[in-house]
Structures are given as C-alpha cells and as structure tokens.
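Below you'll find the structure, written out as structure tokens, and then a few comments.
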Number of protein chains: 2
Amino acid sequence: MNFSYKNIDTAHRQIKNQIIQTPLISNDYINKKLNSKVFFKLENLQNTGSFKLRGATYKISKISEENKKNGVVAYSSGNHAQAVAYASLKQKINCKIIMPKNAPTIKIENTKKYKAEVILYDPETQSRESIGEKISIEENRTLIRPYDDIDIIAGQGTAGKEIYEQLMQSSIIPDIYLCCCGGGGLIAGTSTYLKDKFKNIKSFSVEPFGFDDTKKSLNSGKILSNEKGYQSICDAIITPQPGNLTFPINLKNLEDGIVVHDDQVKNSIKILAEHLKIIVEPGGAVAATAALTEKIDLKNKTAVVMISGGNIDLEMFRSL
Amino acid sequence: MNFSYKNIDTAHRQIKNQIIQTPLISNDYINKKLNSKVFFKLENLQNTGSFKLRGATYKISKISEENKKNGVVAYSSGNHAQAVAYASLKQKINCKIIMPKNAPTIKIENTKKYKAEVILYDPETQSRESIGEKISIEENRTLIRPYDDIDIIAGQGTAGKEIYEQLMQSSIIPDIYLCCCGGGGLIAGTSTYLKDKFKNIKSFSVEPFGFDDTKKSLNSGKILSNEKGYQSICDAIITPQPGNLTFPINLKNLEDGIVVHDDQVKNSIKILAEHLKIIVEPGGAVAATAALTEKIDLKNKTAVVMISGGNIDLEMFRSL
C-alpha cells in the first residue's frame with residue numbers, strides 16, 4: 001500500500017473549506033509545570049466536536065453521484081457517527097448510523113440532530129461490523145468505515161498538515177508527538193504528515209489501560225487484540241484491535257505506545273478545564289494525560305499533543 | 001487625546017512574543033441557529049485566562065528601569081489582578097494587588113500563584129482607588145490602572161489587530177462587532193482597530209442588567225453612573241461608570257449598547273460549553289449572550305463576538 005503525505009495534501013485541498021482549521025495553542029501554566037513547550041491541537045473545537053469530521057467529509061466527497069443516491073451507513077461509538085451524519089447532511093445524502101446503546105447521550109442525540117437514522121445495538125451480544133455490512137449490502141449503501149480506509153486516514157491526517165503549517169508560522173520544530181489511538185486512523189494520518197516534515201520527530205500512541213492493543217501490537221510487531229473484561233471511560237477510543245490498514249502505517253511511524261489510567265484522565269480533564277478553559281472528552285484527553293502525568297519525559301522538549309474531541313455529557317463533566 | 005490604530009500597532013510589536021495569538025473560531029451549530037456567520041475571539045484561552053494580559057504586559061514593559069525597582073500596584077476584581085501579577089513575575093517586578101474580598105476564589109488564588117502580594121478590601125465600605133493611590137504614593141509604586149490608561153487601551157486593542165489579521169486570511173469583512181464592557185478598555189482598543197480597517201463595521205458594547213453605565217452614557221452623550229443596589233454574576237465587568245479616557249473613544253466608535261440578564265448569561269455559558277467546548281466566565285460571555293438571545297439581529301450578517309475571559313470557579317461552572 002502506498003500512503004504518504006501526498007494523500008493528505010490531496011484530502012486537504014478537497015475538504016479545507018468544509019472543516020475548521022482548529023487552533024494550536026500553548027499554555028504557560030502547563031509549560032512551566034512540565035518545563036517544556038507543549039502545543040495542544042484543539043480538535044474538540046472542530047465542527048461536530050471531534051477530528052472525525054475530516055475523514056468523513058473526505059470519504060463522502062469521493063462517493064460517485066450514482067452511489068450517493070443509495071445513501072451511506074456507518075457504525076461508531078459516537079464521534080464518527082456524528083461526523084458521518086453531519087457530512088451526509090451537508091452533502092444531502094441519506095444516512096444510517098449503527099451505535100451502541102450505551103453510547104454517551106450527547107453523541108446519540110447529536111447524530112439524530114444531523115438527521116441520520118440511528119440504529120442502536122447491544123455491544124455485548126451483537127457485532128456492529130456485521131450489522132453494518134448487512135445493511136450496506138441489502139440497501140446498496142456505501143459503508144463509511146471509522147478508520148480502516150485509506151481516505152479516512154488521509155482525511156484525519158489533514159489535522160497533521162495544519163499542525164505542520166501552524167508550527168512553521170513560528171519556525172518551531174517539535175521533538176515529540178502524542179496522540180490518542182483507538183483504531184489508529186488519526187495517529188496514522190497525522191504521524192505520516194509530521195514525520196515527513198519533521199524527520200526527527202518521535203511519535204507515540206496513547207491508550208487507556210486495558211485497551212492498549214496498539215502498544216502491544218507495536219511491541220510485538222503484529223496485530224494483537226485486547227483481553228476481554230476491561231472497562232474505560234474513554235469511549236471514543238475503545239477498539240478491539242489495531243486496523244489492518246492503520247497498523248502497518250503506525251508500526252512504521254511510531255516509537256512506542258503509552259498507557260494511561262481513567263483516574264489520571266479524569267484529573268487531566270480538570271486541569272484542561274481550569275487552565276486551558278476547554279472541554280475535553282475522556283478519549284480526547286489521553287494524550288494530554290500522558291504529558292501531564294509525565295509518563296514521557298518532555299523536559300526541555302517541544303511537544304505536540306492532540307486533543308481529539310470534546311463530546312462529553314455535561315452531566316459527566318460536572319461529576320469530575 | 002490622540003489615539004489611533006497606530007498606538008495598537010506599536011503595542012503589538014512590543015508584546016506579541018509575550019502573549020498568545022488567541023484563536024478566532026466559528027461554529028456551525030451557532031451559525032445555523034442564528035442564520036449568520038459568527039466568529040468568536042477566544043481570549044479565555046489567553047495566558048492568565050483573559051485579555052487583560054495584553055494591556056498589563058504592555059504597560060509594565062513601558063515602566064522605566066528606575067521605577068521598576070519600586071514595583072507596581074493594581075486594583076482589580078480579578079482578571080486585571082492576575083494579568084498584572086503574571087506580567088510582573090515575568091518582568092521580575094515586585095507586585096501588590098488590591099482585590100475585593102468577595103472576588104472569585106480562582107482569581108484570588110491565581111493572583112497569589114503569580115507571587116503577588118494580595119490585599120483584600122471590602123467593596124461595600126472601602127474604595128479600591130484610594131487604597132491603590134495611597135500605596136502607590138507611599139511606596140513609590142507605579143499604579144497599573146485597569147482601563148483608564150492609554151497604554152492599557154492600546155494593549156487590549158491588540159486583540160482587535162489579531163481579529164483583523166485572522167479575518168483577512170479568509171478575506172472576510174465583518175458587519176457587526178459585539179464586545180463586553182466594564183470600564184471599556186477592551187472595547188475602546190479593539191473597536192478602534194476594527195473601525196479603522198473595516199469602515200462599515202457597527203460595534204456594540206454589551207453589559208449586564210443594572211450595570212449598563214456605558215449604554216446610558218452613550219445614549220446621553222456624557223458619563224453617567226450606575227444606580228446602586230444591583231447585583232450580577234458578571235464580576236469581571238462590574239464598574240461604576242465609564243472611564244474618562246475610554247468613554248470618548250467608545251462614544252466615537254460605538255453604535256449603541258446592549259443589555260443582557262444573568263439568567264441569559266448562564267444559559268449562554270452552557271451553550272458555549274456544549275457546542276464550542278470552551279469554558280467562559282459570566283463577564284466573558286455577555287457578548288455571546290447578546291448574539292444568542294438575538295438582542296441584535298445578525299441574520300445574514302457576519303459578526304465578531306468577543307469571549308473575553310474564562311476565569312470561573314469550577315464549582316460555579318458545575319452549578320450551571
């Protein structure tokens with residue numbers, strides 16, 4: 001498979017007027033605390049509240065006019081769902097979304113707000129992939145996969161292109177890149193772009209405890225699944241194993257994986273609220289958590305930290 | 001008095017490396033709701049959590065080396081306090097801050113964190129101006145006024161220069177500018193810059209009910225005070241009357257004033273959290289409130305809305 005920054009440049013030309021160029025910001029309190037220079041990429045400020053809009057917008061823009069008439073279908077715990085629903089609404093395409101019945105209320109409600117038909121399933125007993133494939137075949141709908149699709153990876157990678165351009169405005173060369181990792185689409189795309197532009201950058205995936213399939217797979221050089229029986233508040237990045245397309249890219253680009261715990265994530269959400277004045281969902285805060293808990297030494301280094309989404313139920317946010 | 005965009009350009013050259021160029025972002029949910037294009041300037045993401053750092057940094061940078069040795073003194077309900085303390089710490093100047101004893105805890109604590117000596121006073125019985133003047137004279141400290149100072153106005157105005165440059169990147173011409181107004185420094189500076197660059201822009205001050213001294217003064221053409229006996233959660237912009245320097249500028253630049261109510265402000269803080277994923281303090285949310293409650297018709301218009309600060313006690317934020 002041939003995937004490079006060029007795929008991302010192409011995706012960016014296509015979608016740049018349909019997405020927000022999200023801010024890349026630094027915060028003195030955190031820089032001082034970590035004795036480093038940290039730049040946060042605020043994809044929680046993206047329309048639909050997460051980076052997922054990038055890949056969904058690009059993928060859907062590439063569907064043929066003929067196929068657009070049959071509509072699309074997607075499965076997702078919530079952020080990809082909202083993004084596909086939103087992009088479909090914008091491009092006037094009928095949309096069905098398969099979501100776990102225990103997804104955060106805000107994500108289910110927003111998906112419905114964007115006029116998608118939501119089909120809830122029980123993640124304990126049903127497979128979202130099979131439901132998705134079935135609907136796709138029976139109704140001739142284009143299936144919009146959440147990460148294992150080269151156009152989705154290229155679309156998410158446009159966040160990396162923006163980071164590069166934003167850093168270049170101040171001639172800043174980053175040493176470290178920290179990014180959350182579920183299926184691995186965002187980190188595969190963004191790390192590809194950043195590695196091409198910054199030859200010496202070291203990129204790390206960050207995952208919640210019990211769901212460190214990417215770390216384990218990176219360390220053993222082959223795709224491994226998570227053991228069953230774990231739970232995490234980081235709903236956005238709970239995936240059983242790395243993607244068949246994303247993993248080879250991540251194996252090439254990443255140094256290693258980092259694991260964080262839910263209670264540490266809760267604490268980072270508080271710090272990000274108090275000092276950065278932003279609302280971040282648990283899955284969107286894991287990379288910041290790796291930095292704030294000093295799981296990786298950033299002293300005297302320049303780091304880019306991905307804040308991938310902000311779709312947290314306000315009730316849960318309150319409870320933190 | 002001769003004040004123009006040139007003062008702001010000069011201030012910007014001096015402070016641009018000591019402040020954050022804060023994001024200017026748009027949000028599809030809000031644009032659709034209002035049927036307009038709204039750009040929010042996120043000064044809540046500024047270091048110290050508000051725009052006040054701009055003016056304080058500029059003013060302090062202009063103190064002579066001789067006077068720097070004697071330190072500075074400032075009075076403030078909190079955001080100016082934090083900004084002066086922070087800028088003093090950065091420039092290694094001794095700093096005393098006079099704060100009302102009922103200021104939000106987060107503001108008092110942050111001011112202390114920046115190593116300032118905090119002197120609490122009772123706003124019911126004591127005058128912060130006299131305490132400030134007294135300390136200034138007795139200890140030979142430079143008094144850093146919160147708004148009625150041409151360098152402070154120029155410093156706050158740098159946010160307007162950024163808005164101009166950010167809009168120009170996409171060749172966008174705004175029709176309307178909405179900005180909170182306490183003493184009027186921020187709106188005086190920013191509206192001066194925007195009016196110079198966008199000849200047809202209409203700028204409006206936004207104030208909380210009971211504290212609409214600027215609106216009343218604009219309407220009568222002379223400085224009027226608020227009546228006593230009102231209360232508001234918008235602590236950052238509670239001032240008795242417009243400034244002697246800020247008012248003539250605002251009288252020249254502004255179309256009119258808009259008044260919003262505390263319960264409307266609370267609701268906007270929720271909307272900004274849910275849809276923009278940002279944390280805004282009450283005083284920082286009044287301009288957004290004017291837009292969201294449609295106190296001004298933004299239909300088919302392009303508007304810039306100032307989000308001036310994010311220093312809200314998390315307990316209060318929770319309670320909303």
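So you can find residues: chains in the structure tokens are A, B, ... in the order shown, residues in each start at 1, and ligands are numbered from 1 in order.
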
Contacts between chain A and chain B, please, where a residue of chain B counts if it comes within 6 Å (with only C-alpha atoms); show its shortest atom pair and distance in Å to one decimal, rows by chain and ascending number, as CSV.
residue,atom,partner,partner_atom,distance
B:Pro23,CA,A:Pro23,CA,5.8
B:Leu45,CA,A:Leu276,CA,5.9
B:Leu276,CA,A:Leu45,CA,6.0
B:Lys277,CA,A:Ile279,CA,4.7
B:Ile278,CA,A:Ile278,CA,4.3
B:Ile279,CA,A:Lys277,CA,4.7
B:Arg318,CA,A:Arg318,CA,5.2

- Can you list every residue in region 11-83 of chain A that DSSP puts in alpha helix (DSSP H), as a PyMOL selection string? chain A and resi 11-15+28-34+52-61+65-68+79-83

Suppose we keep N, CA and C atoms; can you now write the selection as a PDB file, in the first residue's frame?
ATOM      1  N   ALA A  11      -6.347  15.291   0.168  1.00  0.00           N
ATOM      2  CA  ALA A  11      -7.547  15.345   1.021  1.00  0.00           C
ATOM      3  C   ALA A  11      -7.777  16.769   1.511  1.00  0.00           C
ATOM      4  N   HIS A  12      -6.709  17.432   1.894  1.00  0.00           N
ATOM      5  CA  HIS A  12      -6.831  18.783   2.448  1.00  0.00           C
ATOM      6  C   HIS A  12      -7.382  19.756   1.414  1.00  0.00           C
ATOM      7  N   ARG A  13      -6.903  19.660   0.173  1.00  0.00           N
ATOM      8  CA  ARG A  13      -7.442  20.527  -0.889  1.00  0.00           C
ATOM      9  C   ARG A  13      -8.948  20.332  -1.031  1.00  0.00           C
ATOM     10  N   GLN A  14      -9.370  19.083  -0.895  1.00  0.00           N
ATOM     11  CA  GLN A  14     -10.777  18.749  -1.088  1.00  0.00           C
ATOM     12  C   GLN A  14     -11.669  19.273   0.045  1.00  0.00           C
ATOM     13  N   ILE A  15     -11.200  19.145   1.293  1.00  0.00           N
ATOM     14  CA  ILE A  15     -12.104  19.407   2.435  1.00  0.00           C
ATOM     15  C   ILE A  15     -11.858  20.726   3.157  1.00  0.00           C
ATOM     16  N   ASP A  28       0.966  28.701  29.386  1.00  0.00           N
ATOM     17  CA  ASP A  28       2.120  28.942  30.233  1.00  0.00           C
ATOM     18  C   ASP A  28       2.159  28.101  31.494  1.00  0.00           C
ATOM     19  N   TYR A  29       0.981  27.912  32.101  1.00  0.00           N
ATOM     20  CA  TYR A  29       0.929  27.120  33.336  1.00  0.00           C
ATOM     21  C   TYR A  29       1.449  25.713  33.078  1.00  0.00           C
ATOM     22  N   ILE A  30       0.988  25.127  31.994  1.00  0.00           N
ATOM     23  CA  ILE A  30       1.383  23.741  31.689  1.00  0.00           C
ATOM     24  C   ILE A  30       2.843  23.679  31.231  1.00  0.00           C
ATOM     25  N   ASN A  31       3.263  24.636  30.437  1.00  0.00           N
ATOM     26  CA  ASN A  31       4.679  24.655  30.024  1.00  0.00           C
ATOM     27  C   ASN A  31       5.605  24.713  31.230  1.00  0.00           C
ATOM     28  N   LYS A  32       5.202  25.530  32.200  1.00  0.00           N
ATOM     29  CA  LYS A  32       6.038  25.709  33.381  1.00  0.00           C
ATOM     30  C   LYS A  32       6.042  24.426  34.221  1.00  0.00           C
ATOM     31  N   LYS A  33       4.849  23.879  34.381  1.00  0.00           N
ATOM     32  CA  LYS A  33       4.698  22.662  35.173  1.00  0.00           C
ATOM     33  C   LYS A  33       5.556  21.537  34.607  1.00  0.00           C
ATOM     34  N   LEU A  34       5.610  21.429  33.282  1.00  0.00           N
ATOM     35  CA  LEU A  34       6.334  20.319  32.650  1.00  0.00           C
ATOM     36  C   LEU A  34       7.738  20.725  32.224  1.00  0.00           C
ATOM     37  N   LYS A  52     -13.145  13.652  13.688  1.00  0.00           N
ATOM     38  CA  LYS A  52     -13.741  12.655  12.792  1.00  0.00           C
ATOM     39  C   LYS A  52     -14.386  13.290  11.562  1.00  0.00           C
ATOM     40  N   LEU A  53     -14.746  14.566  11.683  1.00  0.00           N
ATOM     41  CA  LEU A  53     -15.376  15.231  10.545  1.00  0.00           C
ATOM     42  C   LEU A  53     -14.449  15.283   9.332  1.00  0.00           C
ATOM     43  N   ARG A  54     -13.146  15.306   9.588  1.00  0.00           N
ATOM     44  CA  ARG A  54     -12.182  15.401   8.480  1.00  0.00           C
ATOM     45  C   ARG A  54     -12.282  14.180   7.554  1.00  0.00           C
ATOM     46  N   GLY A  55     -12.135  12.988   8.148  1.00  0.00           N
ATOM     47  CA  GLY A  55     -12.166  11.768   7.346  1.00  0.00           C
ATOM     48  C   GLY A  55     -13.524  11.534   6.713  1.00  0.00           C
ATOM     49  N   ALA A  56     -14.584  11.767   7.491  1.00  0.00           N
ATOM     50  CA  ALA A  56     -15.935  11.518   6.975  1.00  0.00           C
ATOM     51  C   ALA A  56     -16.233  12.435   5.793  1.00  0.00           C
ATOM     52  N   THR A  57     -15.857  13.711   5.932  1.00  0.00           N
ATOM     53  CA  THR A  57     -16.118  14.669   4.849  1.00  0.00           C
ATOM     54  C   THR A  57     -15.375  14.257   3.581  1.00  0.00           C
ATOM     55  N   TYR A  58     -14.132  13.828   3.747  1.00  0.00           N
ATOM     56  CA  TYR A  58     -13.336  13.455   2.573  1.00  0.00           C
ATOM     57  C   TYR A  58     -13.890  12.193   1.918  1.00  0.00           C
ATOM     58  N   LYS A  59     -14.144  11.182   2.732  1.00  0.00           N
ATOM     59  CA  LYS A  59     -14.630   9.915   2.193  1.00  0.00           C
ATOM     60  C   LYS A  59     -15.937  10.116   1.429  1.00  0.00           C
ATOM     61  N   ILE A  60     -16.840  10.848   2.050  1.00  0.00           N
ATOM     62  CA  ILE A  60     -18.161  11.026   1.434  1.00  0.00           C
ATOM     63  C   ILE A  60     -18.057  11.856   0.152  1.00  0.00           C
ATOM     64  N   SER A  61     -17.106  12.784   0.128  1.00  0.00           N
ATOM     65  CA  SER A  61     -16.952  13.605  -1.086  1.00  0.00           C
ATOM     66  C   SER A  61     -16.477  12.761  -2.270  1.00  0.00           C
ATOM     67  N   GLU A  65     -21.673   9.951  -7.800  1.00  0.00           N
ATOM     68  CA  GLU A  65     -23.024  10.528  -7.762  1.00  0.00           C
ATOM     69  C   GLU A  65     -24.075   9.420  -7.737  1.00  0.00           C
ATOM     70  N   GLU A  66     -23.825   8.367  -8.513  1.00  0.00           N
ATOM     71  CA  GLU A  66     -24.725   7.219  -8.580  1.00  0.00           C
ATOM     72  C   GLU A  66     -24.905   6.603  -7.189  1.00  0.00           C
ATOM     73  N   ASN A  67     -23.773   6.352  -6.527  1.00  0.00           N
ATOM     74  CA  ASN A  67     -23.827   5.707  -5.211  1.00  0.00           C
ATOM     75  C   ASN A  67     -24.378   6.620  -4.118  1.00  0.00           C
ATOM     76  N   LYS A  68     -24.178   7.919  -4.303  1.00  0.00           N
ATOM     77  CA  LYS A  68     -24.695   8.861  -3.303  1.00  0.00           C
ATOM     78  C   LYS A  68     -26.212   8.706  -3.161  1.00  0.00           C
ATOM     79  N   ASN A  79     -18.377   9.597  17.833  1.00  0.00           N
ATOM     80  CA  ASN A  79     -17.789  10.741  17.141  1.00  0.00           C
ATOM     81  C   ASN A  79     -17.805  10.556  15.626  1.00  0.00           C
ATOM     82  N   HIS A  80     -17.480   9.347  15.179  1.00  0.00           N
ATOM     83  CA  HIS A  80     -17.560   9.055  13.750  1.00  0.00           C
ATOM     84  C   HIS A  80     -19.031   9.133  13.300  1.00  0.00           C
ATOM     85  N   ALA A  81     -19.922   8.693  14.172  1.00  0.00           N
ATOM     86  CA  ALA A  81     -21.358   8.752  13.881  1.00  0.00           C
ATOM     87  C   ALA A  81     -21.803  10.181  13.592  1.00  0.00           C
ATOM     88  N   GLN A  82     -21.454  11.084  14.494  1.00  0.00           N
ATOM     89  CA  GLN A  82     -21.845  12.484  14.314  1.00  0.00           C
ATOM     90  C   GLN A  82     -21.220  13.068  13.055  1.00  0.00           C
ATOM     91  N   ALA A  83     -19.978  12.708  12.814  1.00  0.00           N
ATOM     92  CA  ALA A  83     -19.253  13.261  11.669  1.00  0.00           C
ATOM     93  C   ALA A  83     -19.873  12.780  10.358  1.00  0.00           C
TER      94      ALA A  83
END

Residues flagged strand (DSSP E) by DSSP in region 13-194 of chain A, as a short mmCIF file (atom, residue, chain, number, x, y, z; two decimals) with N, CA and C atoms, in the first residue's frame:
data_model
loop_
_atom_site.label_atom_id
_atom_site.label_comp_id
_atom_site.auth_asym_id
_atom_site.auth_seq_id
_atom_site.Cartn_x
_atom_site.Cartn_y
_atom_site.Cartn_z
N LEU A 24 -3.96 25.72 17.40
CA LEU A 24 -2.84 25.03 18.06
C LEU A 24 -2.36 25.99 19.13
N ILE A 25 -2.60 25.64 20.40
CA ILE A 25 -2.28 26.63 21.42
C ILE A 25 -1.37 26.08 22.52
N LYS A 37 7.77 22.93 26.22
CA LYS A 37 6.89 23.76 25.40
C LYS A 37 5.89 22.81 24.74
N VAL A 38 4.64 22.88 25.17
CA VAL A 38 3.63 21.95 24.68
C VAL A 38 2.59 22.69 23.83
N PHE A 39 2.32 22.18 22.66
CA PHE A 39 1.29 22.76 21.79
C PHE A 39 0.12 21.78 21.69
N PHE A 40 -1.06 22.27 22.06
CA PHE A 40 -2.25 21.44 22.02
C PHE A 40 -3.03 21.72 20.73
N LYS A 41 -3.34 20.67 20.00
CA LYS A 41 -4.16 20.81 18.79
C LYS A 41 -5.61 20.57 19.18
N LEU A 42 -6.44 21.60 19.05
CA LEU A 42 -7.79 21.56 19.63
C LEU A 42 -8.85 21.06 18.66
N VAL A 72 -25.52 6.29 2.71
CA VAL A 72 -24.36 5.70 3.38
C VAL A 72 -24.80 5.04 4.69
N VAL A 73 -23.92 4.21 5.22
CA VAL A 73 -24.13 3.60 6.54
C VAL A 73 -22.79 3.58 7.27
N ALA A 74 -22.86 3.76 8.59
CA ALA A 74 -21.62 3.74 9.37
C ALA A 74 -21.92 3.18 10.75
N TYR A 75 -20.89 2.59 11.38
CA TYR A 75 -21.02 2.18 12.78
C TYR A 75 -20.00 2.95 13.59
N CYS A 95 -28.59 8.82 5.39
CA CYS A 95 -27.55 8.26 6.27
C CYS A 95 -28.15 7.41 7.39
N LYS A 96 -27.61 6.18 7.55
CA LYS A 96 -27.98 5.34 8.70
C LYS A 96 -26.74 5.12 9.55
N ILE A 97 -26.93 5.20 10.88
CA ILE A 97 -25.78 5.03 11.77
C ILE A 97 -26.10 3.95 12.81
N ILE A 98 -25.19 3.03 12.98
CA ILE A 98 -25.31 1.97 13.98
C ILE A 98 -24.48 2.36 15.20
N MET A 99 -25.16 2.50 16.32
CA MET A 99 -24.46 2.96 17.54
C MET A 99 -24.74 2.02 18.70
N PRO A 100 -23.75 1.84 19.60
CA PRO A 100 -24.00 1.03 20.80
C PRO A 100 -25.04 1.72 21.69
N GLU A 117 -30.63 8.35 10.56
CA GLU A 117 -31.43 7.33 11.23
C GLU A 117 -30.48 6.51 12.12
N VAL A 118 -30.74 6.51 13.43
CA VAL A 118 -29.84 5.82 14.36
C VAL A 118 -30.39 4.44 14.69
N ILE A 119 -29.56 3.40 14.51
CA ILE A 119 -29.92 2.04 14.89
C ILE A 119 -29.05 1.63 16.07
N LEU A 120 -29.69 1.39 17.22
CA LEU A 120 -28.92 1.03 18.41
C LEU A 120 -28.70 -0.49 18.46
N TYR A 121 -27.52 -0.91 18.91
CA TYR A 121 -27.26 -2.35 19.05
C TYR A 121 -26.65 -2.60 20.42
N THR A 142 -23.14 2.86 0.77
CA THR A 142 -21.69 2.87 0.93
C THR A 142 -21.37 2.84 2.43
N LEU A 143 -20.54 1.88 2.81
CA LEU A 143 -20.16 1.76 4.22
C LEU A 143 -18.97 2.71 4.49
N ILE A 176 8.47 15.79 19.94
CA ILE A 176 7.60 14.69 20.35
C ILE A 176 6.18 14.95 19.85
N TYR A 177 5.49 13.90 19.46
CA TYR A 177 4.07 14.00 19.12
C TYR A 177 3.31 12.93 19.90
N LEU A 178 2.31 13.36 20.66
CA LEU A 178 1.48 12.43 21.44
C LEU A 178 0.06 12.47 20.90
N CYS A 179 -0.49 11.29 20.60
CA CYS A 179 -1.84 11.23 20.03
C CYS A 179 -2.57 10.01 20.55
N CYS A 180 -3.85 10.22 20.86
CA CYS A 180 -4.71 9.12 21.26
C CYS A 180 -4.78 8.09 20.14
#

- Query: Contacts of region 185-190 of chain B at 6 Å or less, counting only C-alpha atoms, minus same-chain residues fewer than 2 places along, as a list in words?
  - Reply: Tyr147, Ile153, Ala154, Gln156, Gly157, Gly160, Gly183, Thr192, Tyr193, Thr246, Ile249 and Asn250 of chain B

Go ahead and write the selection's residues with C-alpha atoms as a CSV table (one decimal), in the first residue's frame.
chain,number,residue,atom,x,y,z
B,147,TYR,CA,-8.6,50.6,31.9
B,153,ILE,CA,-6.3,50.6,26.0
B,154,ALA,CA,-3.6,50.1,23.3
B,156,GLN,CA,-6.1,45.4,24.9
B,157,GLY,CA,-6.6,46.7,21.4
B,160,GLY,CA,-8.6,43.7,17.6
B,183,GLY,CA,-14.5,50.1,32.2
B,192,THR,CA,-10.6,51.5,17.2
B,193,TYR,CA,-8.6,49.0,15.3
B,246,THR,CA,-12.3,55.1,27.4
B,249,ILE,CA,-13.2,56.7,22.3
B,250,ASN,CA,-16.3,54.5,22.8

- Item | Close residues, Ala287 (chain A) itself excluded, 10 Å, only C-alpha atoms, min 5 positions apart in chain, as a PyMOL selection string | chain A and resi 40+177-181+204-208+258-260+265+268+292+304-308

Store the residues picked out above in a file with C-alpha atoms, as a PDB file, in the first residue's frame.
ATOM      1  CA  PHE A  40      -2.254  21.436  22.016  1.00  0.00           C
ATOM      2  CA  TYR A 177       4.071  13.999  19.122  1.00  0.00           C
ATOM      3  CA  LEU A 178       1.481  12.434  21.438  1.00  0.00           C
ATOM      4  CA  CYS A 179      -1.838  11.234  20.032  1.00  0.00           C
ATOM      5  CA  CYS A 180      -4.711   9.118  21.261  1.00  0.00           C
ATOM      6  CA  CYS A 181      -5.248   5.817  19.491  1.00  0.00           C
ATOM      7  CA  PHE A 204       3.717   7.908  20.496  1.00  0.00           C
ATOM      8  CA  SER A 205       0.238   6.441  20.663  1.00  0.00           C
ATOM      9  CA  VAL A 206      -1.626   6.875  23.947  1.00  0.00           C
ATOM     10  CA  GLU A 207      -4.332   4.411  25.045  1.00  0.00           C
ATOM     11  CA  PRO A 208      -6.384   3.727  28.157  1.00  0.00           C
ATOM     12  CA  ILE A 258       1.885   4.852  26.289  1.00  0.00           C
ATOM     13  CA  VAL A 259      -0.851   3.666  28.660  1.00  0.00           C
ATOM     14  CA  VAL A 260      -2.869   5.922  30.977  1.00  0.00           C
ATOM     15  CA  VAL A 265      -7.620  11.022  32.579  1.00  0.00           C
ATOM     16  CA  SER A 268      -6.341  15.900  33.186  1.00  0.00           C
ATOM     17  CA  LEU A 292       0.649  15.792  32.439  1.00  0.00           C
ATOM     18  CA  VAL A 304       2.576  18.466  20.138  1.00  0.00           C
ATOM     19  CA  VAL A 305      -0.377  16.961  21.994  1.00  0.00           C
ATOM     20  CA  MET A 306      -3.578  16.018  20.196  1.00  0.00           C
ATOM     21  CA  ILE A 307      -6.866  16.946  21.892  1.00  0.00           C
ATOM     22  CA  SER A 308      -9.107  14.862  19.672  1.00  0.00           C
TER      23      SER A 308
END
